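Reading through the structure tokens given below for one structure.
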Amino acid sequence: NIALSVEEAAPKALYRRGLALYRLGDYAKARPDLEAAQQAIAEWQQAEKDKPREEVAAMNDLERRVRHYLLDLRRFNAREKENCQKIFNRKAEAKSLYDDRPDVKEEVPKVEIDDSDEAIEAKLRQYRGDFHCCCRRKPRRF
């Protein structure tokens, strides 16, 4: 980033930042840097014709590496797009996500609930037992 702040179109700096992002797995941010590096290399090759041999060889090697990573990113994007299309293009006769679960619906027996006041009071007496407030027993009648 420091080198790019000095010269925004430095091919090596763009390549290195793009490569770092690529290796971190951030392909969306790596691609613009690698494409900018490829563009900067093309502009450098057209700018001057009389360049030292070492510089030309180094720039050709850099261009080869940039093309390699861009090709790999394009392949990754194509695979990702294909996988996403597979998800949404399922046919009706294709297996569903839940084939391991049977389509049998279990019948739940319907229980009739008596919610009358008498039934509620009877249940409360059943749960409470012979106790009243403050846990005192009723006196037994003989």
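Residue numbering restarts at 1 in every chain; chains get A, B, ... in the order shown in the structure tokens, and ligands count up from 1 in that same order.
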Could you give me, as a JSON list (two decimals) with all heavy atoms, in the first residue's frame, the residues within 12 Å of Lys29 (chain A), counting only C-alpha atoms and dropping anything in the same chain fewer than 4 positions from it?
```json
[["chain", "number", "residue", "atom", "x", "y", "z"],
["A", 14, "LEU", "N", 1.02, -3.59, -7.37],
["A", 14, "LEU", "CA", -0.35, -4.07, -7.58],
["A", 14, "LEU", "C", -0.39, -5.59, -7.57],
["A", 14, "LEU", "O", -1.30, -6.20, -6.99],
["A", 14, "LEU", "CB", -0.90, -3.54, -8.91],
["A", 14, "LEU", "CG", -1.27, -2.06, -8.94],
["A", 14, "LEU", "CD1", -1.48, -1.58, -10.37],
["A", 14, "LEU", "CD2", -2.51, -1.82, -8.11],
["A", 17, "ARG", "N", 0.11, -6.88, -3.90],
["A", 17, "ARG", "CA", -1.08, -6.71, -3.07],
["A", 17, "ARG", "C", -2.19, -7.67, -3.51],
["A", 17, "ARG", "O", -2.86, -8.29, -2.69],
["A", 17, "ARG", "CB", -1.59, -5.26, -3.13],
["A", 17, "ARG", "CG", -2.77, -5.04, -2.19],
["A", 17, "ARG", "CD", -3.14, -3.60, -2.04],
["A", 17, "ARG", "NE", -3.72, -3.09, -3.27],
["A", 17, "ARG", "CZ", -4.14, -1.83, -3.44],
["A", 17, "ARG", "NH1", -4.02, -0.97, -2.45],
["A", 17, "ARG", "NH2", -4.65, -1.43, -4.57],
["A", 18, "GLY", "N", -2.35, -7.82, -4.83],
["A", 18, "GLY", "CA", -3.33, -8.77, -5.34],
["A", 18, "GLY", "C", -3.00, -10.19, -4.93],
["A", 18, "GLY", "O", -3.88, -10.97, -4.56],
["A", 19, "LEU", "N", -1.73, -10.55, -4.96],
["A", 19, "LEU", "CA", -1.30, -11.89, -4.56],
["A", 19, "LEU", "C", -1.54, -12.11, -3.07],
["A", 19, "LEU", "O", -1.99, -13.18, -2.66],
["A", 19, "LEU", "CB", 0.18, -12.09, -4.89],
["A", 19, "LEU", "CG", 0.77, -13.45, -4.56],
["A", 19, "LEU", "CD1", 0.08, -14.55, -5.33],
["A", 19, "LEU", "CD2", 2.27, -13.45, -4.83],
["A", 20, "ALA", "N", -1.27, -11.11, -2.26],
["A", 20, "ALA", "CA", -1.51, -11.24, -0.82],
["A", 20, "ALA", "C", -2.99, -11.46, -0.54],
["A", 20, "ALA", "O", -3.36, -12.32, 0.26],
["A", 20, "ALA", "CB", -1.01, -9.99, -0.08],
["A", 21, "LEU", "N", -3.85, -10.69, -1.21],
["A", 21, "LEU", "CA", -5.29, -10.86, -1.02],
["A", 21, "LEU", "C", -5.76, -12.22, -1.55],
["A", 21, "LEU", "O", -6.61, -12.87, -0.95],
["A", 21, "LEU", "CB", -6.05, -9.74, -1.73],
["A", 21, "LEU", "CG", -5.88, -8.35, -1.12],
["A", 21, "LEU", "CD1", -6.43, -7.28, -2.06],
["A", 21, "LEU", "CD2", -6.57, -8.28, 0.23],
["A", 22, "TYR", "N", -5.16, -12.67, -2.65],
["A", 22, "TYR", "CA", -5.50, -13.98, -3.22],
["A", 22, "TYR", "C", -5.15, -15.08, -2.23],
["A", 22, "TYR", "O", -5.94, -15.99, -1.99],
["A", 22, "TYR", "CB", -4.75, -14.17, -4.53],
["A", 22, "TYR", "CG", -4.91, -15.53, -5.14],
["A", 22, "TYR", "CD1", -5.97, -15.81, -5.98],
["A", 22, "TYR", "CD2", -4.00, -16.56, -4.88],
["A", 22, "TYR", "CE1", -6.14, -17.06, -6.55],
["A", 22, "TYR", "CE2", -4.16, -17.80, -5.44],
["A", 22, "TYR", "CZ", -5.22, -18.05, -6.28],
["A", 22, "TYR", "OH", -5.38, -19.30, -6.82],
["A", 23, "ARG", "N", -3.99, -15.00, -1.66],
["A", 23, "ARG", "CA", -3.56, -16.03, -0.71],
["A", 23, "ARG", "C", -4.35, -15.99, 0.59],
["A", 23, "ARG", "O", -4.46, -17.00, 1.28],
["A", 23, "ARG", "CB", -2.07, -15.90, -0.43],
["A", 23, "ARG", "CG", -1.24, -16.34, -1.62],
["A", 23, "ARG", "CD", 0.22, -16.30, -1.34],
["A", 23, "ARG", "NE", 0.98, -16.79, -2.48],
["A", 23, "ARG", "CZ", 2.27, -16.66, -2.63],
["A", 23, "ARG", "NH1", 2.98, -16.05, -1.68],
["A", 23, "ARG", "NH2", 2.87, -17.12, -3.69],
["A", 24, "LEU", "N", -4.90, -14.84, 0.93],
["A", 24, "LEU", "CA", -5.78, -14.74, 2.10],
["A", 24, "LEU", "C", -7.19, -15.26, 1.79],
["A", 24, "LEU", "O", -7.99, -15.43, 2.70],
["A", 24, "LEU", "CB", -5.87, -13.29, 2.58],
["A", 24, "LEU", "CG", -4.63, -12.75, 3.29],
["A", 24, "LEU", "CD1", -4.79, -11.25, 3.53],
["A", 24, "LEU", "CD2", -4.40, -13.47, 4.59],
["A", 25, "GLY", "N", -7.45, -15.52, 0.52],
["A", 25, "GLY", "CA", -8.76, -16.04, 0.14],
["A", 25, "GLY", "C", -9.77, -14.96, -0.20],
["A", 25, "GLY", "O", -10.94, -15.26, -0.41],
["A", 33, "ASP", "N", -6.93, -5.69, -8.32],
["A", 33, "ASP", "CA", -5.51, -5.37, -8.24],
["A", 33, "ASP", "C", -4.72, -6.11, -9.33],
["A", 33, "ASP", "O", -3.83, -5.54, -9.96],
["A", 33, "ASP", "CB", -4.95, -5.74, -6.86],
["A", 33, "ASP", "CG", -5.32, -4.71, -5.81],
["A", 33, "ASP", "OD1", -5.67, -3.57, -6.18],
["A", 33, "ASP", "OD2", -5.25, -5.04, -4.61],
["A", 34, "LEU", "N", -5.05, -7.37, -9.55],
["A", 34, "LEU", "CA", -4.34, -8.13, -10.57],
["A", 34, "LEU", "C", -4.68, -7.62, -11.97],
["A", 34, "LEU", "O", -3.80, -7.56, -12.84],
["A", 34, "LEU", "CB", -4.68, -9.62, -10.44],
["A", 34, "LEU", "CG", -4.13, -10.30, -9.18],
["A", 34, "LEU", "CD1", -4.68, -11.70, -9.04],
["A", 34, "LEU", "CD2", -2.61, -10.32, -9.20],
["A", 35, "GLU", "N", -5.93, -7.23, -12.20],
["A", 35, "GLU", "CA", -6.29, -6.65, -13.50],
["A", 35, "GLU", "C", -5.60, -5.31, -13.72],
["A", 35, "GLU", "O", -5.16, -5.00, -14.83],
["A", 35, "GLU", "CB", -7.80, -6.51, -13.61],
["A", 35, "GLU", "CG", -8.51, -7.84, -13.78],
["A", 35, "GLU", "CD", -10.03, -7.73, -13.75],
["A", 35, "GLU", "OE1", -10.55, -6.68, -13.33],
["A", 35, "GLU", "OE2", -10.67, -8.71, -14.15],
["A", 36, "ALA", "N", -5.49, -4.51, -12.67],
["A", 36, "ALA", "CA", -4.78, -3.22, -12.78],
["A", 36, "ALA", "C", -3.30, -3.46, -13.04],
["A", 36, "ALA", "O", -2.67, -2.71, -13.81],
["A", 36, "ALA", "CB", -4.98, -2.41, -11.50],
["A", 73, "LEU", "N", -8.51, -17.19, -10.93],
["A", 73, "LEU", "CA", -9.68, -16.48, -10.37],
["A", 73, "LEU", "C", -10.90, -16.66, -11.28],
["A", 73, "LEU", "O", -12.01, -16.84, -10.79],
["A", 73, "LEU", "CB", -9.38, -15.00, -10.19],
["A", 73, "LEU", "CG", -8.49, -14.64, -9.00],
["A", 73, "LEU", "CD1", -8.16, -13.16, -9.02],
["A", 73, "LEU", "CD2", -9.16, -15.00, -7.70]]
```
Counting only C-alpha atoms, what is within 9 Å of region 41-46 of chain A, bar same-chain residues fewer than 2 positions away, as a list in words?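 Here the answer would be Ala10, Pro11, Lys12, Ala36, Ala37, Gln38, Gln39, Glu48, Lys49, Val56, Met59, Asn60, Leu62 and Glu63 of chain A.
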Just how far from CA of Tyr15 (chain A) is CA of Ala30 (chain A), in Å to one decimal?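 If I compute the distance from CA of Ala30 (chain A) to CA of Tyr15 (chain A), I get 8.9 Å.
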Between A:Arg125, A:Ala40, A:Ala28, A:Glu112, which is the closest to Leu70 (chain A) once you count only C-alpha atoms? A:Ala28
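The spacing separating CA of Ala13 (chain A) from CA of His68 (chain A) amounts to 16.8 Å.
Note that CA of Asp114 (chain A) and CA of Gln126 (chain A) are 15.3 Å apart.
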